[in-house]
$ cat structure34.cif   # mmCIF, C-alpha atoms
data_work
loop_
_atom_site.group_PDB
_atom_site.id
_atom_site.type_symbol
_atom_site.label_atom_id
_atom_site.label_comp_id
_atom_site.auth_asym_id
_atom_site.auth_seq_id
_atom_site.Cartn_x
_atom_site.Cartn_y
_atom_site.Cartn_z
ATOM 1 C CA MET N 1 11.048 -1.295 -7.475
ATOM 2 C CA ILE N 2 8.646 -1.860 -4.600
ATOM 3 C CA LEU N 3 11.542 -1.379 -2.190
ATOM 4 C CA ALA N 4 12.505 1.934 -3.841
ATOM 5 C CA LEU N 5 8.926 3.227 -3.862
ATOM 6 C CA THR N 6 7.973 2.200 -0.337
ATOM 7 C CA SER N 7 11.228 3.337 1.226
ATOM 8 C CA ALA N 8 11.674 6.683 -0.597
ATOM 9 C CA GLN N 9 15.411 6.083 -0.209
ATOM 10 C CA ARG N 10 18.339 6.806 -2.487
ATOM 11 C CA VAL N 11 19.861 3.925 -4.430
ATOM 12 C CA GLN N 12 22.953 4.364 -2.224
ATOM 13 C CA SER N 13 20.852 3.600 0.861
ATOM 14 C CA LEU N 14 19.291 0.542 -0.781
ATOM 15 C CA SER N 15 22.780 -0.793 -1.495
ATOM 16 C CA PHE N 16 23.588 -0.666 2.237
ATOM 17 C CA LEU N 17 20.640 -2.825 3.361
ATOM 18 C CA HIS N 18 22.170 -5.662 5.355
ATOM 19 C CA LEU N 19 20.626 -8.876 6.660
ATOM 20 C CA ASP N 20 22.532 -8.696 9.956
ATOM 21 C CA ARG N 21 21.076 -5.242 10.608
ATOM 22 C CA MET N 22 17.529 -6.208 9.645
ATOM 23 C CA ASN N 23 14.593 -6.957 11.919
ATOM 24 C CA LEU N 24 11.810 -8.729 10.026
ATOM 25 C CA ASN N 25 8.502 -9.503 11.697
ATOM 26 C CA LYS N 26 4.874 -9.934 10.667
ATOM 27 C CA ASP N 27 4.003 -6.229 10.584
ATOM 28 C CA GLN N 28 7.195 -4.531 9.426
ATOM 29 C CA VAL N 29 10.830 -4.759 8.481
ATOM 30 C CA SER N 30 13.466 -2.386 9.746
ATOM 31 C CA PHE N 31 17.055 -1.881 8.625
ATOM 32 C CA HIS N 32 19.661 -0.106 10.705
ATOM 33 C CA PHE N 33 22.337 1.832 8.810
ATOM 34 C CA HIS N 34 25.882 2.104 10.122
ATOM 35 C CA GLU N 35 27.250 3.626 6.924
ATOM 36 C CA LEU N 36 27.445 7.336 6.233
ATOM 37 C CA LEU N 37 24.488 8.192 4.002
ATOM 38 C CA LYS N 38 24.284 11.309 1.875
ATOM 39 C CA GLN N 39 21.580 12.821 4.068
ATOM 40 C CA HIS N 40 23.474 12.226 7.335
ATOM 41 C CA LYS N 41 24.947 15.173 9.129
ATOM 42 C CA PRO N 42 28.508 14.999 10.460
ATOM 43 C CA GLY N 43 28.621 12.928 13.630
ATOM 44 C CA ASN N 44 25.195 11.365 12.979
ATOM 45 C CA ARG N 45 25.690 8.069 11.190
ATOM 46 C CA ASN N 46 22.984 5.914 12.679
ATOM 47 C CA SER N 47 19.521 5.771 11.212
ATOM 48 C CA THR N 48 16.801 3.202 10.760
ATOM 49 C CA LEU N 49 14.562 2.535 7.780
ATOM 50 C CA LYS N 50 11.162 1.086 8.660
ATOM 51 C CA LEU N 51 8.807 -0.436 6.123
ATOM 52 C CA ARG N 52 5.357 -1.544 7.195
ATOM 53 C CA SER N 53 3.359 -4.441 5.802
ATOM 54 C CA TYR N 54 0.292 -3.832 3.669
ATOM 55 C CA PRO N 55 -2.335 -6.392 4.779
ATOM 56 C CA PRO N 56 -5.138 -5.238 2.416
ATOM 57 C CA ASP N 57 -3.213 -6.568 -0.602
ATOM 58 C CA ARG N 58 -0.175 -8.819 -0.191
ATOM 59 C CA ARG N 59 0.649 -8.242 -3.899
ATOM 60 C CA LEU N 60 1.608 -4.693 -2.881
ATOM 61 C CA CYS N 61 3.300 -5.575 0.409
ATOM 62 C CA VAL N 62 7.026 -4.857 0.616
ATOM 63 C CA VAL N 63 7.366 -7.073 3.708
ATOM 64 C CA THR N 64 5.889 -10.046 1.833
ATOM 65 C CA TYR N 65 8.263 -9.509 -1.090
ATOM 66 C CA LEU N 66 11.310 -9.083 1.137
ATOM 67 C CA ARG N 67 10.493 -12.293 2.956
ATOM 68 C CA GLN N 68 10.127 -14.094 -0.401
ATOM 69 C CA TYR N 69 13.325 -12.558 -1.802
ATOM 70 C CA ILE N 70 15.385 -13.584 1.222
ATOM 71 C CA GLN N 71 13.976 -17.117 1.106
ATOM 72 C CA ARG N 72 14.525 -17.478 -2.662
ATOM 73 C CA THR N 73 18.095 -16.165 -2.569
ATOM 74 C CA SER N 74 19.158 -18.197 0.478
ATOM 75 C CA ASN N 75 20.472 -21.094 -1.657
ATOM 76 C CA ILE N 76 22.790 -18.874 -3.731
ATOM 77 C CA ARG N 77 23.680 -16.248 -1.137
ATOM 78 C CA GLY N 78 26.540 -18.120 0.529
ATOM 79 C CA THR N 79 28.251 -15.787 3.006
ATOM 80 C CA GLU N 80 26.940 -12.576 1.406
ATOM 81 C CA ARG N 81 25.016 -10.589 4.021
ATOM 82 C CA TYR N 82 23.982 -7.551 2.011
ATOM 83 C CA LEU N 83 20.341 -7.829 1.005
ATOM 84 C CA LEU N 84 20.571 -7.126 -2.706
ATOM 85 C CA ILE N 85 22.716 -9.611 -4.586
ATOM 86 C CA SER N 86 23.406 -10.376 -8.214
ATOM 87 C CA TYR N 87 21.272 -13.017 -9.907
ATOM 88 C CA LYS N 88 24.368 -14.122 -11.861
ATOM 89 C CA LYS N 89 27.452 -15.801 -10.429
ATOM 90 C CA PRO N 90 29.254 -15.049 -8.173
ATOM 91 C CA TYR N 91 26.006 -13.847 -6.433
ATOM 92 C CA LYS N 92 27.630 -11.013 -4.527
ATOM 93 C CA ARG N 93 26.420 -7.614 -3.359
ATOM 94 C CA VAL N 94 25.309 -5.419 -6.248
ATOM 95 C CA THR N 95 26.520 -1.894 -6.910
ATOM 96 C CA THR N 96 24.421 1.250 -6.848
ATOM 97 C CA SER N 97 24.573 1.377 -10.652
ATOM 98 C CA THR N 98 23.113 -2.153 -10.856
ATOM 99 C CA ILE N 99 20.263 -1.225 -8.511
ATOM 100 C CA ALA N 100 19.596 1.927 -10.554
ATOM 101 C CA ARG N 101 19.599 -0.141 -13.757
ATOM 102 C CA TRP N 102 17.114 -2.625 -12.261
ATOM 103 C CA ILE N 103 14.791 0.218 -11.260
ATOM 104 C CA LYS N 104 15.034 1.802 -14.709
ATOM 105 C CA GLU N 105 14.272 -1.552 -16.359
ATOM 106 C CA VAL N 106 11.062 -1.849 -14.328
ATOM 107 C CA MET N 107 10.166 1.755 -15.133
ATOM 108 C CA LYS N 108 10.708 1.150 -18.847
ATOM 109 C CA ALA N 109 8.617 -2.047 -18.741
ATOM 110 C CA ALA N 110 5.856 0.005 -17.093
ATOM 111 C CA GLY N 111 5.912 2.451 -19.996
ATOM 112 C CA ILE N 112 7.759 5.248 -18.212
ATOM 113 C CA ASN N 113 10.085 7.363 -20.336
ATOM 114 C CA THR N 114 13.498 6.545 -18.864
ATOM 115 C CA ASN N 115 15.129 9.282 -20.903
ATOM 116 C CA LEU N 116 13.157 11.719 -18.773
ATOM 117 C CA TYR N 117 12.841 9.801 -15.481
ATOM 118 C CA LYS N 118 15.720 8.055 -13.723
ATOM 119 C CA ALA N 119 15.944 5.627 -10.802
ATOM 120 C CA HIS N 120 16.206 8.556 -8.396
ATOM 121 C CA SER N 121 12.767 9.708 -9.625
ATOM 122 C CA THR N 122 11.216 7.040 -7.403
ATOM 123 C CA ARG N 123 12.046 9.270 -4.421
ATOM 124 C CA ALA N 124 10.018 12.158 -5.818
ATOM 125 C CA ALA N 125 7.215 9.843 -6.952
ATOM 126 C CA ALA N 126 6.886 8.154 -3.565
ATOM 127 C CA THR N 127 7.087 11.291 -1.454
ATOM 128 C CA SER N 128 4.836 13.321 -3.777
ATOM 129 C CA ALA N 129 2.206 10.572 -3.724
ATOM 130 C CA ALA N 130 2.407 10.446 0.066
ATOM 131 C CA SER N 131 1.983 14.222 0.250
ATOM 132 C CA SER N 132 -0.939 14.264 -2.180
ATOM 133 C CA ASN N 133 -2.639 11.647 0.009
ATOM 134 C CA ASP N 134 -2.289 13.925 3.046
ATOM 135 C CA LEU N 135 0.437 12.024 4.884
ATOM 136 C CA PRO N 136 1.838 14.440 7.466
ATOM 137 C CA ILE N 137 5.015 16.129 6.254
ATOM 138 C CA THR N 138 6.873 14.975 9.378
ATOM 139 C CA HIS N 139 6.321 11.337 8.326
ATOM 140 C CA ILE N 140 7.488 12.033 4.769
ATOM 141 C CA LEU N 141 10.638 13.800 5.988
ATOM 142 C CA LYS N 142 11.462 10.982 8.403
ATOM 143 C CA GLN N 143 10.960 8.224 5.815
ATOM 144 C CA ALA N 144 13.075 9.986 3.194
ATOM 145 C CA GLY N 145 15.744 10.998 5.697
ATOM 146 C CA TRP N 146 15.297 14.746 5.298
ATOM 147 C CA SER N 147 15.553 17.171 8.188
ATOM 148 C CA ASN N 148 14.178 20.148 6.275
ATOM 149 C CA GLU N 149 10.784 20.469 4.596
ATOM 150 C CA LYS N 150 12.317 22.924 2.131
ATOM 151 C CA THR N 151 14.364 20.087 0.576
ATOM 152 C CA PHE N 152 11.173 18.188 -0.225
ATOM 153 C CA ARG N 153 9.218 21.218 -1.420
ATOM 154 C CA THR N 154 12.066 22.530 -3.608
ATOM 155 C CA PHE N 155 13.493 19.377 -5.176
ATOM 156 C CA TYR N 156 11.089 16.462 -4.778
ATOM 157 C CA GLU N 157 7.474 17.600 -4.555
ATOM 158 C CA LYS N 158 5.906 17.021 -7.973
ATOM 159 C CA PRO N 159 2.314 17.152 -9.179
ATOM 160 C CA VAL N 160 0.542 13.791 -8.972
ATOM 161 C CA GLU N 161 -1.874 12.961 -11.763
ATOM 162 C CA ASN N 162 -5.096 11.311 -10.679
ATOM 163 C CA ARG N 163 -6.679 10.304 -13.948
ATOM 164 C CA ASP N 164 -9.143 7.498 -14.320
ATOM 165 C CA PHE N 165 -8.717 4.527 -16.619
ATOM 166 C CA SER N 166 -10.943 5.833 -19.422
ATOM 167 C CA GLU N 167 -8.844 9.006 -19.714
ATOM 168 C CA ILE N 168 -5.601 7.066 -19.984
ATOM 169 C CA ILE N 169 -6.667 4.677 -22.762
ATOM 170 C CA LYS N 170 -8.051 7.344 -25.109
#

$ encode --input "structure34.cif" --output "structure tokens"
Amino acid sequence: MILALTSAQRVQSLSFLHLDRMNLNKDQVSFHFHELLKQHKPGNRNSTLKLRSYPPDRRLCVVTYLRQYIQRTSNIRGTERYLLISYKKPYKRVTTSTIARWIKEVMKAAGINTNLYKAHSTRAAATSAASSNDLPITHILKQAGWSNEKTFRTFYEKPVENRDFSEIIK
């Protein structure tokens, strides 16, 4: 879930994350895509996903979790080089539907209505939150892989509720 929210990527893109095309350092992780992604234009296959660390709180840091995930799956990974693998034998690359199911399971556990919101909703949630916190639109478009602001404004920009704790528990 943290990977979906911090990357603002489609489940398809998450399924293509590959250890041999990953650069992991202290401050960030980057993945280079060779595959044709939905948002790629003809003739433009190469793109890079960059995720920065979050030093103020390692419990919210995607780089910390990726490092842990890679270390914890190293014993079962074998020759599998795709990042996301099954936690059941034969421990191979998971499908997009498995990734979507994992995201929906986390959403449901968090109390989100998964009849209304799907795994792809993480894209709108992440980019809308970034926009509501005044992140420049050029950064949002680049992270999500969009070339046109209209795509974000038309299909993904949603209102972000900023309620305090006392309002929620009433």

$ resolve_selection --input "structure34.cif" --expression "the PyMOL selection byres ((chain N and resi 83-88) around 10)" --output "JSON, numbers by chain"
{"N": [14, 15, 16, 17, 18, 19, 20, 21, 22, 66, 69, 70, 73, 76, 77, 80, 81, 82, 89, 90, 91, 92, 93, 94, 95, 98, 99]}

$ atom_distance --input "structure34.cif" --atom1 "CA of Phe152 (chain N)" --atom2 "CA of Val63 (chain N)"
25.8 Å

$ resolve_selection --input "structure34.cif" --expression "the PyMOL selection byres ((chain N and resi 24) around 12)" --output "list in words"
His18, Leu19, Asp20, Arg21, Met22, Asn23, Asn25, Lys26, Asp27, Gln28, Val29, Ser30, Phe31, His32, Leu49, Lys50, Leu51, Arg52, Ser53, Val62, Val63, Thr64, Tyr65, Leu66, Arg67, Gln68 and Ile70 of chain N

$ atom_distance --input "structure34.cif" --atom1 "CA of Arg10 (chain N)" --atom2 "CA of Ala119 (chain N)"
8.7 Å

$ atom_distance --input "structure34.cif" --atom1 "CA of Ile2 (chain N)" --atom2 "CA of His120 (chain N)"
13.4 Å

$ residues_near_point --input "structure34.cif" --point "(19.1, 5.1, 11.7)" --cutoff "6 Å" --atoms "only C-alpha atoms" --output "ChimeraX atom specification"
/N:32-33,46-48

$ closest_residue --input "structure34.cif" --among "N:Ala129, N:Leu60, N:Met1, N:Ala8" --to "Arg101 (chain N)" --atoms "only C-alpha atoms"
N:Met1

$ closest_residue --input "structure34.cif" --among "N:Phe155, N:Arg123, N:Asn115, N:His34" --to "Ile140 (chain N)" --atoms "all atoms listed in the file"
N:Arg123

$ resolve_selection --input "structure34.cif" --expression "the PyMOL selection byres ((chain N and resi 106) around 12)" --output "VMD selection string"
chain N and resid 1 to 2 4 to 5 99 to 105 107 to 114 117 to 119 122

$ write_last_selection --input "structure34.cif" --atoms "C-alpha atoms" --output "PDB file, in the coordinates of the input"
ATOM      1  CA  MET N   1      11.048  -1.295  -7.475  1.00  0.00           C
ATOM      2  CA  ILE N   2       8.646  -1.860  -4.600  1.00  0.00           C
ATOM      3  CA  ALA N   4      12.505   1.934  -3.841  1.00  0.00           C
ATOM      4  CA  LEU N   5       8.926   3.227  -3.862  1.00  0.00           C
ATOM      5  CA  ILE N  99      20.263  -1.225  -8.511  1.00  0.00           C
ATOM      6  CA  ALA N 100      19.596   1.927 -10.554  1.00  0.00           C
ATOM      7  CA  ARG N 101      19.599  -0.141 -13.757  1.00  0.00           C
ATOM      8  CA  TRP N 102      17.114  -2.625 -12.261  1.00  0.00           C
ATOM      9  CA  ILE N 103      14.791   0.218 -11.260  1.00  0.00           C
ATOM     10  CA  LYS N 104      15.034   1.802 -14.709  1.00  0.00           C
ATOM     11  CA  GLU N 105      14.272  -1.552 -16.359  1.00  0.00           C
ATOM     12  CA  MET N 107      10.166   1.755 -15.133  1.00  0.00           C
ATOM     13  CA  LYS N 108      10.708   1.150 -18.847  1.00  0.00           C
ATOM     14  CA  ALA N 109       8.617  -2.047 -18.741  1.00  0.00           C
ATOM     15  CA  ALA N 110       5.856   0.005 -17.093  1.00  0.00           C
ATOM     16  CA  GLY N 111       5.912   2.451 -19.996  1.00  0.00           C
ATOM     17  CA  ILE N 112       7.759   5.248 -18.212  1.00  0.00           C
ATOM     18  CA  ASN N 113      10.085   7.363 -20.336  1.00  0.00           C
ATOM     19  CA  THR N 114      13.498   6.545 -18.864  1.00  0.00           C
ATOM     20  CA  TYR N 117      12.841   9.801 -15.481  1.00  0.00           C
ATOM     21  CA  LYS N 118      15.720   8.055 -13.723  1.00  0.00           C
ATOM     22  CA  ALA N 119      15.944   5.627 -10.802  1.00  0.00           C
ATOM     23  CA  THR N 122      11.216   7.040  -7.403  1.00  0.00           C
TER      24      THR N 122
END

$ closest_residue --input "structure34.cif" --among "N:Thr127, N:Asp134, N:Gln143, N:Asp57" --to "Tyr156 (chain N)" --atoms "only C-alpha atoms"
N:Thr127

$ axis_aligned_box --input "structure34.cif" --around "region 14-24 of chain N" --padding-each-side "4 Å" --output "AutoDock Vina command-line options"
--center_x 17.7 --center_y -4.2 --center_z 5.2 --size_x 19.8 --size_y 17.4 --size_z 21.4
